[in-house]
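Presented below is the structure to which this report refers.
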There are 2 protein chains.
Amino acid sequence: MKVDINFEAKNSSNYSVYIDALTSLNLSGKVAIITNPKVSGLHLKSLLEKITADELYIITIADGESYKNQESIDLILENLFNHKFNRGSTLIAFGGGVIGDMTGFVASIYQRGIDFIQVPTTLLSQVDASVGGKTGINNKFGKNLIGAFHQPQAVYIQTDFLKSLPSREFGAGVAEIVKMAVTFDLEFFEWLEEADLRKISDLQLSIKKSVETKAWVVAQDEKEKGLRAVLNYGHTFAHVVENLTDYKKYLHGEAVSIGICMANDLAVKLDLLSSSQSQRIKNILASYDLPTTYEIKDVNAFYNHFFLDKKADDTKIKFILAKGLGDHQMRDDIDKEIVLSVLKEYSV
Amino acid sequence: MKVDINFEAKNSSNYSVYIDALTSLNLSGKVAIITNPKVSGLHLKSLLEKITADELYIITIADGESYKNQESIDLILENLFNHKFNRGSTLIAFGGGVIGDMTGFVASIYQRGIDFIQVPTTLLSQVDASVGGKTGINNKFGKNLIGAFHQPQAVYIQTDFLKSLPSREFGAGVAEIVKMAVTFDLEFFEWLEEADLRKISDLQLSIKKSVETKAWVVAQDEKEKGLRAVLNYGHTFAHVVENLTDYKKYLHGEAVSIGICMANDLAVKLDLLSSSQSQRIKNILASYDLPTTYEIKDVNAFYNHFFLDKKADDTKIKFILAKGLGDHQMRDDIDKEIVLSVLKEYSV
């Protein structure tokens with residue numbers, strides 16, 4: 001299967017996303033696969049059987065979000081300079097979102113930009129992070145605060161790699177699939193209600209639909225001046241949940257699942273969504289063992305954390321809400337009291 | 001005077017270059033002026049009289065090419081994060097090429113890209129570096145090896161700032177003006193032969209012509225896949241001269257002046273340029289007290305240094321040559337012996 005990302009006249013970097021279609025990839029020049037010890041131990045052999053290059057290097061970075069920082073970027077750069085990578089060289093991101101974000105960022109700044117290819121190995125990165133060109137690292141001030149928009153040359157999604165994925169991580173990817181369906185595509189949502197993503201054919205189709213949705217959104221608004229922000233549905237709440245739990249208790253997709261439920265409660269209060277529609281969304285999330293609630297200890301503290309998010313400006317919080325099933329509404333005018341009343345429902 | 005940079009359909013970031021037209025600049029949101037102690041001591045008061053913003057900050061970086069590094073980038077970023085700069089904030093590069101390159105790079109990676117404005121204070125940065133979006137820093141492996149293509153929102157060139165410029169630095173800027181004329185514009189070249197850039201009206205016109213030429217080239221080839229490389233006329237030799245003299249003896253523009261003369265000698269040998277045309281170019285350079293020769297101690301060592309330049313790939317050296325006056329030719333097929341015979345003419 002193949003999905004074409006077309007920025008049309010706006011941008012020269014059109015590219016394709018291939019789903020279970022990687023048989024052989026022949027690259028010229030110097031190529032580095034950026035990966036982590038875990039992914040390389042499980043899957044590097046299988047990838048190497050499919051790739052040829054004039055010179056091939058493997059660079060491994062310690063696994064985990066806490067290594068998505070400037071030190072890892074420096075380590076990758078040092079390797080590339082030592083091996084005299086040039087403007088015609090190519091990087092391959094082989095791992096989840098952390099590897100993809102860092103590889104893309106290095107590709108964007110190495111000699112003012114070189115090519116990179118995404119080979120995502122988690123469901124979350126396959127359906128969301130690997131497509132659309134957001135790259136970046138964290139620092140002591142927050143997440144993804146340093147980065148660039150830099151589109152890959154191609155994305156190769158292989159569902160084979162998901163066989164070794166822990167079920168919690170699989171669920172985390174499903175949350176982002178549900179996000180795409182709820183905010184943009186009623187038909188996709190209704191199909192999801194009947195589908196079982198643990199079945200390979202349903203999984204492939206759900207990846208294809210998610211990537212198509214993401215690609216369409218990014219083509220409209222690559223640099224997130226408007227529409228692309230809709231992809232943050234559930235994330236405004238999720239970031240607070242992640243922050244209050246020190247990024248330890250929940251996987252990102254799990255926090256998004258909780259955030260979607262909170263955003264839906266707000267949408268119900270604003271008459272954008274019916275209670276039964278909200279319940280149908282929750283049912284899908286729960287069927288993949290995703291968390292759908294969270295115990296808020298202090299609603300005011302929770303509310304104040306919205307302002308730590310870089311996507312919020314100084315005075316307004318932007319909420320992405322489901323407008324029925326398959327549509328969305330962005331709102332930055334919601335009274336604090338209404339938001340607090342939603343948070344109180346989660347209060348212990 | 002005003003020059004519009006038009007990337008047309010290829011790129012959404014069109015912008016204008018204003019020459020001696022900055023009377024008042026009213027910016028919304030948070031604004032930081034990035035500068036160095038020397039420029040700020042001489043000219044900040046004059047700039048501040050013309051700028052208003054909701055919140056204005058001044059960040060100074062130590063002066064000089066040796067500070068164009070990751071540590072200075074970190075220092076600027078730290079300031080921006082501390083003052084909670086957001087995606088709607090703006091940076092102003094106020095200085096020469098070093099300040100412009102670093103400010104542009106920070107603007108390209110801060111929260112995946114924010115706006116920046118160039119206010120160049122040296123002739124070299126006014127006629128060349130401030131236009132076209134090349135940003136970057138140096139590291140132990142070489143110059144400009146980390147960076148991005150990130151276009152400014154606007155460029156404000158004020159010839160006032162040049163009054164305090166040492167005459168050697170003025171000459172260094174003239175070398176880049178001559179470069180534009182020789183490779184792209186016969187009429188401009190012939191005008192330069194008669195002009196005196198120390199006169200304000202001639203200076204303004206030469207800046208306008210240089211910026212127009214640069215803008216036209218960058219609009220054709222923003223990311224230097226082809227035509228933009230012509231702007232490296234003289235630079236292949238200049239980088240070796242700079243490197244062999246530890247970047248201490250010559251200003252960049254002075255090394256370019258030497259490099260132009262060497263490239264011309266090669267062009268004469270290849271019958272692309274006549275001896276008298278080569279002499280006319282040299283005459284202009286010499287009339288601004290620019291160096292036009294360099295004593296090569298070891299021609300083979302000089303030749304081998306070409307391969308340290310990142311713009312050269314592993315096996316071929318790309319030479320940009322004048323093809324008569326007002327035109328150019330890119331060549332990567334020139335026999336080593338022919339190049340050595342040119343270098344020998346400079347041998348002590």
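FYI, nothing fancy with the structure tokens labels: chains A, B, ... in order, residues from 1 per chain, ligands from 1 as they appear.
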**OP:** Fewer than 4 positions away in the same chain doesn't count, so skip those; otherwise give me all residues within 8 Å of region 41-55 of chain B, counting only C-alpha atoms, as a PyMOL selection string.
**Re:** chain B and resi 22-31+37+161+164
Subject >> Interface, chain B side, toward chain A (7 Å; only C-alpha atoms) as a ChimeraX atom specification >> reply: /B:9-11,81,108-113,141,145-149
Subject >> Atom-to-atom span, CA of Leu272 (chain A) and CA of Asp333 (chain A), Å >> reply: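 Interatomic distance here is 14.4 Å.
With CA of Leu162 (chain A) on one side and CA of Gln126 (chain A) on the other, the separation reads 9.8 Å.
If you measure from each of A:Leu205, A:Val211, A:Leu285, A:Leu343 to Met180 (chain A) using only C-alpha atoms, the closest one turns out to be A:Val211.
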Subject >> Which of region 198-343 of chain B DSSP labels helix (DSSP H, G or I), written as a PyMOL selection string >> reply: chain B and resi 200-220+227-232+235-244+252-269+275-287+299-308+336-343
Export of the given selection (C-alpha atoms) as an mmCIF file, in the first residue's frame:
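Once everything was written out, this is selection-v7.cif:
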```cif
data_model
loop_
_atom_site.group_PDB
_atom_site.id
_atom_site.type_symbol
_atom_site.label_atom_id
_atom_site.label_comp_id
_atom_site.auth_asym_id
_atom_site.auth_seq_id
_atom_site.Cartn_x
_atom_site.Cartn_y
_atom_site.Cartn_z
ATOM 1 C CA ILE B 200 26.937 57.563 -0.669
ATOM 2 C CA SER B 201 24.848 57.612 -3.867
ATOM 3 C CA ASP B 202 27.160 55.134 -5.609
ATOM 4 C CA LEU B 203 27.267 53.000 -2.460
ATOM 5 C CA GLN B 204 23.473 52.827 -2.236
ATOM 6 C CA LEU B 205 23.172 51.874 -5.873
ATOM 7 C CA SER B 206 25.848 49.187 -5.588
ATOM 8 C CA ILE B 207 24.068 47.690 -2.577
ATOM 9 C CA LYS B 208 20.779 47.704 -4.464
ATOM 10 C CA LYS B 209 22.318 46.011 -7.519
ATOM 11 C CA SER B 210 24.083 43.401 -5.358
ATOM 12 C CA VAL B 211 20.948 42.588 -3.382
ATOM 13 C CA GLU B 212 18.894 42.335 -6.579
ATOM 14 C CA THR B 213 21.426 39.941 -8.065
ATOM 15 C CA LYS B 214 21.602 37.842 -4.908
ATOM 16 C CA ALA B 215 17.809 37.791 -4.599
ATOM 17 C CA TRP B 216 17.393 36.659 -8.190
ATOM 18 C CA VAL B 217 19.908 33.833 -7.695
ATOM 19 C CA VAL B 218 18.380 32.671 -4.395
ATOM 20 C CA ALA B 219 14.884 32.726 -5.893
ATOM 21 C CA GLN B 220 16.106 30.318 -8.604
ATOM 22 C CA LEU B 227 22.980 28.124 -9.622
ATOM 23 C CA ARG B 228 23.430 29.461 -6.083
ATOM 24 C CA ALA B 229 26.878 27.855 -6.012
ATOM 25 C CA VAL B 230 27.971 30.562 -8.475
ATOM 26 C CA LEU B 231 27.977 32.922 -5.473
ATOM 27 C CA ASN B 232 31.015 30.932 -4.353
ATOM 28 C CA HIS B 235 35.541 31.231 -2.543
ATOM 29 C CA THR B 236 37.060 27.849 -3.423
ATOM 30 C CA PHE B 237 40.501 29.460 -3.405
ATOM 31 C CA ALA B 238 39.601 31.904 -0.613
ATOM 32 C CA HIS B 239 38.716 29.129 1.833
ATOM 33 C CA VAL B 240 42.151 27.581 1.369
ATOM 34 C CA VAL B 241 43.856 30.953 1.861
ATOM 35 C CA GLU B 242 41.815 31.555 5.019
ATOM 36 C CA ASN B 243 42.542 28.076 6.297
ATOM 37 C CA LEU B 244 46.301 28.262 5.631
ATOM 38 C CA HIS B 252 36.828 36.922 4.573
ATOM 39 C CA GLY B 253 36.251 39.486 1.814
ATOM 40 C CA GLU B 254 39.994 40.027 1.465
ATOM 41 C CA ALA B 255 40.538 36.304 0.971
ATOM 42 C CA VAL B 256 37.706 36.368 -1.586
ATOM 43 C CA SER B 257 39.544 39.131 -3.443
ATOM 44 C CA ILE B 258 42.641 36.926 -3.658
ATOM 45 C CA GLY B 259 40.451 33.953 -4.605
ATOM 46 C CA ILE B 260 38.795 35.917 -7.414
ATOM 47 C CA CYS B 261 42.221 36.718 -8.862
ATOM 48 C CA MET B 262 43.294 33.065 -8.676
ATOM 49 C CA ALA B 263 40.028 31.858 -10.226
ATOM 50 C CA ASN B 264 40.493 34.431 -12.988
ATOM 51 C CA ASP B 265 43.996 33.179 -13.758
ATOM 52 C CA LEU B 266 42.488 29.706 -14.124
ATOM 53 C CA ALA B 267 39.719 31.100 -16.354
ATOM 54 C CA VAL B 268 42.326 32.821 -18.525
ATOM 55 C CA LYS B 269 44.218 29.514 -18.907
ATOM 56 C CA SER B 275 43.962 38.726 -19.734
ATOM 57 C CA SER B 276 42.695 42.272 -20.101
ATOM 58 C CA GLN B 277 39.306 41.357 -18.613
ATOM 59 C CA SER B 278 41.109 39.686 -15.700
ATOM 60 C CA GLN B 279 43.167 42.849 -15.248
ATOM 61 C CA ARG B 280 40.065 45.053 -15.217
ATOM 62 C CA ILE B 281 38.614 42.979 -12.351
ATOM 63 C CA LYS B 282 41.903 43.192 -10.479
ATOM 64 C CA ASN B 283 41.972 46.968 -10.983
ATOM 65 C CA ILE B 284 38.648 47.438 -9.222
ATOM 66 C CA LEU B 285 39.708 45.241 -6.301
ATOM 67 C CA ALA B 286 43.053 47.050 -5.977
ATOM 68 C CA SER B 287 41.358 50.455 -6.055
ATOM 69 C CA VAL B 299 51.426 24.256 -4.215
ATOM 70 C CA ASN B 300 50.595 20.605 -3.522
ATOM 71 C CA ALA B 301 49.611 21.360 0.055
ATOM 72 C CA PHE B 302 47.443 24.218 -1.229
ATOM 73 C CA TYR B 303 45.780 21.891 -3.753
ATOM 74 C CA ASN B 304 45.080 19.221 -1.152
ATOM 75 C CA HIS B 305 43.325 21.800 1.008
ATOM 76 C CA PHE B 306 40.570 22.082 -1.593
ATOM 77 C CA PHE B 307 39.305 18.730 -0.358
ATOM 78 C CA LEU B 308 38.817 19.984 3.188
ATOM 79 C CA LYS B 336 44.967 18.867 -11.562
ATOM 80 C CA GLU B 337 47.990 19.912 -13.658
ATOM 81 C CA ILE B 338 46.207 22.991 -14.989
ATOM 82 C CA VAL B 339 45.206 24.054 -11.474
ATOM 83 C CA LEU B 340 48.748 23.447 -10.228
ATOM 84 C CA SER B 341 50.166 25.585 -13.045
ATOM 85 C CA VAL B 342 47.998 28.478 -11.832
ATOM 86 C CA LEU B 343 49.050 27.936 -8.224
#
```
Subject >> Distance of CA of Leu251 (chain B) from CA of Leu123 (chain B), expressed in Å to one decimal place >> reply: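 Separation of CA of Leu123 (chain B) and CA of Leu251 (chain B): 12.5 Å.
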Subject >> Residues near Ala181 (chain B), cut-off 10 Å, only C-alpha atoms, skip fewer than 2 positions along chain, as a VMD selection string >> reply: chain B and resid 176 to 179 183 to 192 206 209 to 210 213 281 325 to 327
